[in-house]
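File shown: work05.cif (mmCIF, C-alpha atoms).
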```cif
data_final
#
loop_
_atom_site.group_PDB
_atom_site.id
_atom_site.type_symbol
_atom_site.label_atom_id
_atom_site.label_comp_id
_atom_site.auth_asym_id
_atom_site.auth_seq_id
_atom_site.Cartn_x
_atom_site.Cartn_y
_atom_site.Cartn_z
ATOM 1 C CA MET A 1 0.000 0.000 0.000
ATOM 2 C CA LEU A 2 1.251 3.461 -0.749
ATOM 3 C CA ALA A 3 1.940 5.381 2.430
ATOM 4 C CA LEU A 4 0.045 8.632 2.943
ATOM 5 C CA LEU A 5 1.471 11.671 4.736
ATOM 6 C CA ALA A 6 0.013 15.163 5.013
ATOM 7 C CA LEU A 7 2.527 17.806 3.984
ATOM 8 C CA ALA A 8 2.329 21.556 3.691
ATOM 9 C CA GLY A 9 4.369 24.744 3.520
ATOM 10 C CA CYS A 10 4.111 28.062 1.743
ATOM 11 C CA GLY A 11 5.611 30.157 -1.003
ATOM 12 C CA THR A 12 4.929 31.290 -4.526
ATOM 13 C CA ALA A 13 4.827 28.889 -7.442
ATOM 14 C CA GLU A 14 7.164 29.513 -10.350
ATOM 15 C CA PRO A 15 6.144 28.714 -13.936
ATOM 16 C CA GLY A 16 6.952 25.138 -14.893
ATOM 17 C CA ALA A 17 8.532 24.189 -18.192
ATOM 18 C CA GLY A 18 7.750 20.977 -19.981
ATOM 19 C CA THR A 19 6.395 17.745 -18.542
ATOM 20 C CA GLY A 20 9.471 15.536 -18.154
ATOM 21 C CA GLY A 21 11.173 14.427 -14.946
ATOM 22 C CA VAL A 22 13.594 16.529 -12.891
ATOM 23 C CA ARG A 23 16.996 14.858 -12.848
ATOM 24 C CA ALA A 24 18.553 14.144 -9.474
ATOM 25 C CA GLU A 25 21.455 15.935 -7.864
ATOM 26 C CA ALA A 26 24.038 13.357 -6.864
ATOM 27 C CA LEU A 27 24.366 14.107 -3.163
ATOM 28 C CA CYS A 28 22.365 14.171 0.069
ATOM 29 C CA PRO A 29 21.089 17.474 1.417
ATOM 30 C CA SER A 30 21.519 18.640 4.948
ATOM 31 C CA LYS A 31 18.768 17.729 7.352
ATOM 32 C CA ALA A 32 15.793 19.898 6.411
ATOM 33 C CA PRO A 33 13.030 21.236 8.651
ATOM 34 C CA ARG A 34 9.869 19.199 8.830
ATOM 35 C CA TYR A 35 6.892 20.047 6.692
ATOM 36 C CA GLY A 36 3.385 19.825 8.054
ATOM 37 C CA GLU A 37 2.058 23.251 8.999
ATOM 38 C CA VAL A 38 0.784 26.030 6.751
ATOM 39 C CA PRO A 39 2.210 29.365 8.000
ATOM 40 C CA ARG A 40 -0.200 32.235 8.358
ATOM 41 C CA ALA A 41 2.012 34.529 6.300
ATOM 42 C CA ARG A 42 4.256 34.067 3.305
ATOM 43 C CA PRO A 43 7.987 33.787 4.101
ATOM 44 C CA THR A 44 10.136 36.855 3.785
ATOM 45 C CA ALA A 45 13.137 34.909 2.448
ATOM 46 C CA THR A 46 13.860 35.088 -1.263
ATOM 47 C CA ALA A 47 15.376 32.582 -3.669
ATOM 48 C CA ASP A 48 18.740 34.353 -3.197
ATOM 49 C CA ALA A 49 18.759 34.019 0.597
ATOM 50 C CA PRO A 50 21.830 32.272 2.115
ATOM 51 C CA ARG A 51 21.548 28.476 2.383
ATOM 52 C CA PRO A 52 22.629 26.477 5.456
ATOM 53 C CA PRO A 53 26.106 24.880 5.165
ATOM 54 C CA GLY A 54 25.994 21.547 3.349
ATOM 55 C CA THR A 55 22.760 22.259 1.510
ATOM 56 C CA PRO A 56 23.177 21.596 -2.222
ATOM 57 C CA THR A 57 22.277 24.366 -4.606
ATOM 58 C CA PRO A 58 19.309 23.374 -6.808
ATOM 59 C CA VAL A 59 20.202 22.792 -10.430
ATOM 60 C CA PRO A 60 17.881 24.764 -12.763
ATOM 61 C CA SER A 61 15.968 22.381 -14.998
ATOM 62 C CA SER A 62 14.000 22.907 -18.185
ATOM 63 C CA THR A 63 12.230 19.568 -17.747
ATOM 64 C CA SER A 64 10.350 20.036 -14.465
ATOM 65 C CA THR A 65 7.238 17.884 -14.142
ATOM 66 C CA VAL A 66 3.970 19.825 -13.983
ATOM 67 C CA GLN A 67 0.470 18.412 -13.657
ATOM 68 C CA ASP A 68 -2.786 19.945 -12.410
ATOM 69 C CA GLY A 69 -1.189 22.526 -10.131
ATOM 70 C CA VAL A 70 1.650 20.296 -8.901
ATOM 71 C CA ARG A 71 5.250 20.910 -9.916
ATOM 72 C CA ILE A 72 8.382 18.935 -9.061
ATOM 73 C CA THR A 73 11.003 21.583 -8.360
ATOM 74 C CA ARG A 74 14.078 19.589 -7.430
ATOM 75 C CA THR A 75 15.274 15.983 -7.205
ATOM 76 C CA TYR A 76 18.360 14.587 -5.489
ATOM 77 C CA ALA A 77 19.845 11.198 -4.707
ATOM 78 C CA GLY A 78 19.636 10.202 -1.063
ATOM 79 C CA ALA A 79 17.382 11.116 1.851
ATOM 80 C CA ILE A 80 17.892 12.135 5.463
ATOM 81 C CA ASP A 81 16.253 9.759 7.964
ATOM 82 C CA GLU A 82 14.956 10.632 11.446
ATOM 83 C CA GLU A 83 18.464 10.230 12.909
ATOM 84 C CA GLY A 84 19.969 12.618 10.362
ATOM 85 C CA VAL A 85 21.713 9.812 8.442
ATOM 86 C CA CYS A 86 21.946 10.072 4.652
ATOM 87 C CA ARG A 87 20.356 7.071 2.910
ATOM 88 C CA SER A 88 22.009 7.028 -0.498
ATOM 89 C CA SER A 89 19.682 4.287 -1.819
ATOM 90 C CA SER A 90 16.753 6.703 -1.763
ATOM 91 C CA LEU A 91 15.600 9.264 -4.316
ATOM 92 C CA THR A 92 14.024 12.461 -2.969
ATOM 93 C CA ALA A 93 11.906 15.041 -4.764
ATOM 94 C CA GLU A 94 10.738 18.448 -3.612
ATOM 95 C CA PHE A 95 7.482 19.749 -5.047
ATOM 96 C CA GLU A 96 4.972 22.597 -4.946
ATOM 97 C CA VAL A 97 1.174 22.481 -5.013
ATOM 98 C CA THR A 98 -0.800 25.549 -6.098
ATOM 99 C CA ASN A 99 -4.562 25.797 -5.575
ATOM 100 C CA PRO A 100 -6.355 27.912 -8.216
ATOM 101 C CA ALA A 101 -9.814 27.256 -6.764
ATOM 102 C CA THR A 102 -11.873 29.651 -4.663
ATOM 103 C CA HIS A 103 -12.068 27.244 -1.715
ATOM 104 C CA ASP A 104 -9.726 24.954 0.215
ATOM 105 C CA MET A 105 -8.622 21.875 -1.699
ATOM 106 C CA THR A 106 -6.869 18.684 -0.598
ATOM 107 C CA TYR A 107 -4.530 16.983 -3.068
ATOM 108 C CA THR A 108 -3.385 13.379 -3.406
ATOM 109 C CA VAL A 109 -0.200 13.191 -5.463
ATOM 110 C CA VAL A 110 1.363 9.930 -6.667
ATOM 111 C CA PHE A 111 5.057 9.970 -7.592
ATOM 112 C CA ASP A 112 7.066 7.454 -9.583
ATOM 113 C CA ALA A 113 10.702 6.865 -10.557
ATOM 114 C CA ARG A 114 12.254 4.010 -12.491
ATOM 115 C CA GLY A 115 13.790 1.473 -10.134
ATOM 116 C CA TYR A 116 12.142 2.920 -7.009
ATOM 117 C CA THR A 117 8.957 2.137 -5.119
ATOM 118 C CA GLY A 118 6.168 4.634 -5.807
ATOM 119 C CA ALA A 119 4.992 7.041 -3.154
ATOM 120 C CA SER A 120 1.833 9.013 -2.456
ATOM 121 C CA ARG A 121 1.382 12.227 -0.523
ATOM 122 C CA VAL A 122 -1.787 13.913 0.726
ATOM 123 C CA VAL A 123 -1.322 17.684 0.784
ATOM 124 C CA GLY A 124 -3.828 20.030 2.319
ATOM 125 C CA PRO A 125 -5.963 21.777 3.042
ATOM 126 C CA VAL A 126 -4.461 24.240 0.567
ATOM 127 C CA GLY A 127 -6.147 27.637 0.714
ATOM 128 C CA PRO A 128 -7.422 29.522 -2.347
ATOM 129 C CA GLY A 129 -4.521 30.921 -4.351
ATOM 130 C CA ARG A 130 -1.978 29.464 -1.948
ATOM 131 C CA THR A 131 1.111 27.437 -2.789
ATOM 132 C CA VAL A 132 2.492 24.804 -0.409
ATOM 133 C CA ARG A 133 5.711 22.862 -0.636
ATOM 134 C CA GLY A 134 6.513 19.284 0.269
ATOM 135 C CA ARG A 135 9.128 16.568 -0.020
ATOM 136 C CA VAL A 136 8.854 12.875 -0.868
ATOM 137 C CA ALA A 137 11.503 10.136 -0.658
ATOM 138 C CA MET A 138 11.375 6.832 -2.524
ATOM 139 C CA SER A 139 13.374 3.706 -1.736
ATOM 140 C CA ARG A 140 15.150 1.527 -4.273
ATOM 141 C CA SER A 141 12.976 -1.362 -5.431
ATOM 142 C CA TYR A 142 13.979 -4.755 -4.087
ATOM 143 C CA GLY A 143 16.598 -6.356 -6.315
ATOM 144 C CA ASP A 144 16.913 -3.307 -8.591
ATOM 145 C CA THR A 145 20.448 -2.029 -8.942
ATOM 146 C CA ALA A 146 19.960 0.408 -11.822
ATOM 147 C CA GLY A 147 17.481 2.990 -10.635
ATOM 148 C CA GLY A 148 16.693 6.082 -12.660
ATOM 149 C CA THR A 149 17.619 9.647 -11.794
ATOM 150 C CA SER A 150 14.332 11.486 -12.332
ATOM 151 C CA VAL A 151 10.951 11.566 -10.627
ATOM 152 C CA SER A 152 7.638 11.920 -12.439
ATOM 153 C CA LEU A 153 4.015 12.506 -11.462
ATOM 154 C CA MET A 154 1.776 9.486 -12.016
ATOM 155 C CA SER A 155 -1.434 11.218 -10.973
ATOM 156 C CA VAL A 156 -2.805 14.270 -9.181
ATOM 157 C CA ARG A 157 -6.250 14.236 -7.586
ATOM 158 C CA SER A 158 -7.857 17.213 -5.848
ATOM 159 C CA ILE A 159 -11.060 17.393 -3.845
ATOM 160 C CA PRO A 160 -12.740 20.142 -1.832
ATOM 161 C CA SER A 161 -11.309 19.889 1.669
ATOM 162 C CA ALA A 162 -14.809 20.182 3.127
ATOM 163 C CA GLU A 163 -15.650 16.904 1.338
ATOM 164 C CA ALA A 164 -12.464 15.018 2.156
ATOM 165 C CA PRO A 165 -12.991 11.546 3.663
ATOM 166 C CA ALA A 166 -11.950 11.109 7.294
ATOM 167 C CA PRO A 167 -11.256 7.409 7.996
ATOM 168 C CA GLY A 168 -9.486 8.390 11.223
ATOM 169 C CA GLY A 169 -8.859 11.283 13.550
ATOM 170 C CA LEU A 170 -11.528 13.621 14.855
ATOM 171 C CA CYS A 171 -15.145 12.795 14.094
ATOM 172 C CA PRO A 172 -16.559 15.046 11.333
ATOM 173 C CA ALA A 173 -19.257 17.574 12.195
ATOM 174 C CA SER A 174 -21.787 15.268 10.505
ATOM 175 C CA GLY A 175 -21.181 12.642 13.210
ATOM 176 C CA VAL A 176 -20.328 9.956 10.636
ATOM 177 C CA ARG A 177 -17.336 8.882 8.599
ATOM 178 C CA VAL A 178 -17.684 7.783 4.974
ATOM 179 C CA TYR A 179 -14.664 6.378 3.170
ATOM 180 C CA ALA A 180 -13.659 3.785 0.572
ATOM 181 C CA ASP A 181 -11.292 0.835 0.728
ATOM 182 C CA GLU A 182 -8.703 -0.046 -1.895
ATOM 183 C CA GLY A 183 -11.110 -2.285 -3.774
ATOM 184 C CA ASP A 184 -10.433 -5.271 -5.994
ATOM 185 C CA ALA A 185 -10.330 -5.958 -9.713
ATOM 186 C CA ALA A 186 -10.411 -9.130 -11.829
ATOM 187 C CA MET A 187 -11.378 -9.934 -15.414
ATOM 188 C CA GLY A 188 -12.688 -6.440 -16.107
ATOM 189 C CA LEU A 189 -14.838 -6.350 -12.934
ATOM 190 C CA ARG A 190 -14.162 -3.651 -10.350
ATOM 191 C CA VAL A 191 -15.446 -3.662 -6.760
ATOM 192 C CA VAL A 192 -14.801 -0.957 -4.136
ATOM 193 C CA GLY A 193 -16.197 -1.078 -0.610
ATOM 194 C CA LEU A 194 -17.908 1.963 0.927
ATOM 195 C CA HIS A 195 -17.701 2.240 4.698
ATOM 196 C CA LEU A 196 -19.920 4.187 7.087
ATOM 197 C CA GLU A 197 -19.121 4.659 10.781
ATOM 198 C CA ASN A 198 -21.244 6.426 13.365
ATOM 199 C CA CYS A 199 -18.530 8.256 15.316
ATOM 200 C CA GLY A 200 -20.997 10.692 16.873
ATOM 201 C CA LYS A 201 -23.058 10.557 20.049
ATOM 202 C CA GLU A 202 -26.511 10.038 18.535
ATOM 203 C CA PRO A 203 -28.069 7.180 16.525
ATOM 204 C CA TYR A 204 -27.738 7.568 12.753
ATOM 205 C CA ALA A 205 -30.417 6.175 10.439
ATOM 206 C CA VAL A 206 -29.960 5.273 6.777
ATOM 207 C CA ASP A 207 -32.545 3.924 4.383
ATOM 208 C CA GLY A 208 -31.408 1.831 1.453
ATOM 209 C CA ARG A 209 -28.432 2.767 -0.674
ATOM 210 C CA PRO A 210 -26.026 5.714 -0.557
ATOM 211 C CA GLU A 211 -26.583 8.521 -3.051
ATOM 212 C CA LEU A 212 -23.859 8.799 -5.703
ATOM 213 C CA GLU A 213 -22.661 11.416 -8.190
ATOM 214 C CA ILE A 214 -19.924 10.613 -10.704
ATOM 215 C CA ILE A 215 -17.442 13.489 -11.110
ATOM 216 C CA ASP A 216 -14.922 13.799 -13.945
ATOM 217 C CA ALA A 217 -11.307 15.007 -13.867
ATOM 218 C CA GLY A 218 -12.502 18.587 -14.426
ATOM 219 C CA HIS A 219 -14.766 18.334 -11.346
ATOM 220 C CA ALA A 220 -17.947 18.364 -13.454
ATOM 221 C CA ARG A 221 -20.796 15.937 -12.930
ATOM 222 C CA VAL A 222 -20.903 13.051 -15.435
ATOM 223 C CA GLU A 223 -24.323 12.553 -16.974
ATOM 224 C CA GLY A 224 -25.695 9.536 -18.784
ATOM 225 C CA VAL A 225 -24.481 6.814 -16.395
ATOM 226 C CA ARG A 226 -27.221 4.790 -14.693
ATOM 227 C CA ILE A 227 -26.834 4.091 -10.962
ATOM 228 C CA LEU A 228 -28.309 0.610 -10.403
ATOM 229 C CA PRO A 229 -28.586 -2.021 -7.665
ATOM 230 C CA SER A 230 -25.316 -3.971 -7.711
ATOM 231 C CA ALA A 231 -26.977 -7.243 -8.797
ATOM 232 C CA GLU A 232 -27.871 -5.634 -12.139
ATOM 233 C CA VAL A 233 -24.169 -5.172 -12.859
ATOM 234 C CA ALA A 234 -22.668 -8.310 -11.273
ATOM 235 C CA GLN A 235 -23.561 -11.040 -8.761
ATOM 236 C CA LEU A 236 -21.080 -10.600 -5.926
ATOM 237 C CA GLY A 237 -22.225 -13.328 -3.578
ATOM 238 C CA GLY A 238 -22.617 -12.805 0.143
ATOM 239 C CA PRO A 239 -25.892 -11.747 1.802
ATOM 240 C CA PRO A 240 -28.815 -10.671 -0.391
ATOM 241 C CA ASP A 241 -28.545 -7.071 -1.553
ATOM 242 C CA VAL A 242 -31.827 -5.843 -0.121
ATOM 243 C CA ALA A 243 -32.423 -2.168 0.602
ATOM 244 C CA ARG A 244 -33.842 -1.695 4.076
ATOM 245 C CA ALA A 245 -33.813 0.927 6.804
ATOM 246 C CA LEU A 246 -31.267 0.518 9.567
ATOM 247 C CA THR A 247 -30.023 2.585 12.477
ATOM 248 C CA LEU A 248 -26.426 2.717 13.631
ATOM 249 C CA ARG A 249 -25.788 3.305 17.288
ATOM 250 C CA PRO A 250 -22.655 5.283 18.238
ATOM 251 C CA GLY A 251 -19.624 3.193 17.330
ATOM 252 C CA GLU A 252 -21.478 0.935 14.887
ATOM 253 C CA ARG A 253 -20.518 0.580 11.229
ATOM 254 C CA ALA A 254 -22.223 -0.204 7.949
ATOM 255 C CA LEU A 255 -20.898 -1.440 4.617
ATOM 256 C CA SER A 256 -21.966 -0.752 1.050
ATOM 257 C CA GLY A 257 -20.006 -0.977 -2.175
ATOM 258 C CA ILE A 258 -19.849 -0.034 -5.817
ATOM 259 C CA VAL A 259 -19.296 -2.390 -8.741
ATOM 260 C CA TRP A 260 -18.678 -1.795 -12.438
ATOM 261 C CA ARG A 261 -17.165 -3.286 -15.571
ATOM 262 C CA ASP A 262 -14.616 -1.623 -17.822
ATOM 263 C CA THR A 263 -16.047 -3.136 -21.013
ATOM 264 C CA VAL A 264 -15.659 -1.076 -24.182
ATOM 265 C CA GLN A 265 -18.185 -2.153 -26.815
ATOM 266 C CA ALA A 266 -18.157 0.862 -29.118
ATOM 267 C CA VAL A 267 -15.727 3.388 -30.522
ATOM 268 C CA GLY A 268 -15.630 6.519 -28.366
ATOM 269 C CA GLY A 269 -17.860 7.404 -25.458
ATOM 270 C CA ALA A 270 -15.883 5.554 -22.778
ATOM 271 C CA VAL A 271 -16.292 7.075 -19.308
ATOM 272 C CA ASN A 272 -13.224 7.525 -17.110
ATOM 273 C CA ALA A 273 -14.017 9.553 -14.005
ATOM 274 C CA PRO A 274 -11.698 9.660 -10.996
ATOM 275 C CA TYR A 275 -14.155 11.010 -8.437
ATOM 276 C CA LEU A 276 -17.340 9.846 -6.745
ATOM 277 C CA ARG A 277 -19.405 12.118 -4.499
ATOM 278 C CA VAL A 278 -21.168 10.023 -1.847
ATOM 279 C CA ARG A 279 -24.001 10.904 0.521
ATOM 280 C CA ALA A 280 -24.776 8.288 3.144
ATOM 281 C CA ARG A 281 -28.459 9.227 2.954
ATOM 282 C CA VAL A 282 -30.668 11.832 1.326
ATOM 283 C CA GLY A 283 -29.548 15.296 2.412
ATOM 284 C CA ALA A 284 -26.367 14.086 4.113
ATOM 285 C CA ALA A 285 -23.111 16.010 3.890
ATOM 286 C CA PRO A 286 -21.208 14.881 0.766
ATOM 287 C CA VAL A 287 -17.876 13.056 0.825
ATOM 288 C CA MET A 288 -15.758 12.888 -2.328
ATOM 289 C CA LEU A 289 -13.857 9.662 -2.969
ATOM 290 C CA THR A 290 -11.413 8.706 -5.719
ATOM 291 C CA PRO A 291 -12.265 5.170 -6.909
ATOM 292 C CA GLU A 292 -10.924 5.887 -10.437
ATOM 293 C CA LEU A 293 -14.024 4.777 -12.320
ATOM 294 C CA ASP A 294 -13.157 3.289 -15.715
ATOM 295 C CA LEU A 295 -16.700 2.473 -16.816
ATOM 296 C CA GLY A 296 -15.880 1.800 -20.447
ATOM 297 C CA THR A 297 -18.980 2.216 -22.590
ATOM 298 C CA THR A 298 -21.250 0.256 -20.215
ATOM 299 C CA GLY A 299 -23.027 3.360 -18.875
ATOM 300 C CA ARG A 300 -23.720 1.568 -15.576
ATOM 301 C CA LEU A 301 -22.510 1.727 -11.999
ATOM 302 C CA GLY A 302 -23.877 -0.669 -9.389
ATOM 303 C CA VAL A 303 -24.267 0.177 -5.713
ATOM 304 C CA GLN A 304 -25.097 -2.075 -2.784
ATOM 305 C CA ALA A 305 -27.515 -1.276 0.012
ATOM 306 C CA TRP A 306 -26.102 -0.397 3.415
ATOM 307 C CA ARG A 307 -25.834 -3.353 5.774
ATOM 308 C CA LYS A 308 -24.410 -3.468 9.289
ATOM 309 C CA GLU A 309 -20.873 -4.729 9.693
ATOM 310 C CA GLN A 310 -20.703 -7.634 12.111
#
```

Reformat the file's structure so that it appears as structure tokens.
Amino acid sequence: MLALLALAGCGTAEPGAGTGGVRAEALCPSKAPRYGEVPRARPTATADAPRPPGTPTPVPSSTSTVQDGVRITRTYAGAIDEEGVCRSSSLTAEFEVTNPATHDMTYTVVFDARGYTGASRVVGPVGPGRTVRGRVAMSRSYGDTAGGTSVSLMSVRSIPSAEAPAPGGLCPASGVRVYADEGDAAMGLRVVGLHLENCGKEPYAVDGRPELEIIDAGHARVEGVRILPSAEVAQLGGPPDVARALTLRPGERALSGIVWRDTVQAVGGAVNAPYLRVRARVGAAPVMLTPELDLGTTGRLGVQAWRKEQ
């Protein structure tokens, strides 16, 4: 599983150039301050400010990777661990995330480099018009002795921070958590579990199936896809998929799920939508998930009824 870590910082984004990887500097940097808190004001330091002893000077690159507001600004071989030791078998990238929206956004960024394990970072909330900075380190893949020297962006996903899932931590104001698992895929069939937890202090009633909206990469609603009971898309086994009312006491959980096929039966018209807006019940606060829906040309998405987890 790709590890997730919230990162933040501040600054002003510089224009990116091109979409290739940033080649690595061949040395470890000095131990850098931790990221994780968005300052209330922009820093007063400039790009020409003195650097601490031992810190390598970034090499200007005309091939920085840019995608959907994220830019890799610098890459170097090695990483500094918690004890301040340089791990030369790692590859580290520094990056910036700029939010052009008018509200807080939370970003999930997936990085890749040849010969290294991939890494994912969750960055946010990022305020409107703000730029935050982060750092990611990747370890050499097992048995690989010829790793590459550049880092690229595999994917960037952004959701309104007010709709971000909260599988842990403080209970949301709604009193419930809604989140997705990693799912499973086989022979063109995709299944992703939807989880509901009553983390509040009052009973929470649901009736039937969660409400779903399919959202494309441009954050627009996808029309023309039918939302159906899961059995009309695939027979998944397990208990009968019967919609019924149920009430969750504080601490209780419920399980639903979505199912689809990636079949393409016609030229053009295939639906690929990264986002799914979920409401546990009619009128509930929305939560935006990223199941990466590759619906092909089927025009169908199945959803199971809520049932209590035992």

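Evaluated against the shown file, the PyMOL selection byres ((chain A and resi 309) around 9) gives Glu252, Arg253, Ala254, Leu255, Arg307, Lys308 and Gln310 of chain A.
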
Q: Pick out the residues sitting within 10 Å of A:Pro250, and hand them over as a list in words; count only C-alpha atoms, and ignore anything fewer than 5 positions along from it in its own chain.
A: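 Residues meeting the cut-off are Gly175, Val176, Glu197, Asn198, Cys199, Gly200, Lys201, Glu202, Pro203 and Tyr204 of chain A.
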
Q.
Measuring between only C-alpha atoms, which one of A:Leu196, A:Leu301, A:Val206, A:Ile214 shows the shortest distance to A:Asp181?
A.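 Nearest to A:Asp181: A:Leu196.
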
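Nearest residue to A:Tyr275 among A:Val259, A:Leu236, A:Ala113, A:Ala217 is A:Ala217, counting only C-alpha atoms.
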
Q | A:Gln304, A:Trp260, A:Tyr116, A:Glu163 ranked by distance to A:Ala186, top pick (using all atoms listed in the file) | A | A:Trp260

(Q) Running the PyMOL selection byres ((chain A and resi 290) around 9) on this model by hand, what would come out? Give it as a VMD selection string. (A) chain A and resid 157 159 180 273 to 277 288 to 289 291 to 293

Q) Skipping near chain neighbours, those fewer than 3 positions away, what residues fall within 9 Å of stretch 237-245 of chain A using only C-alpha atoms, listed as a count of residues only? A) 12
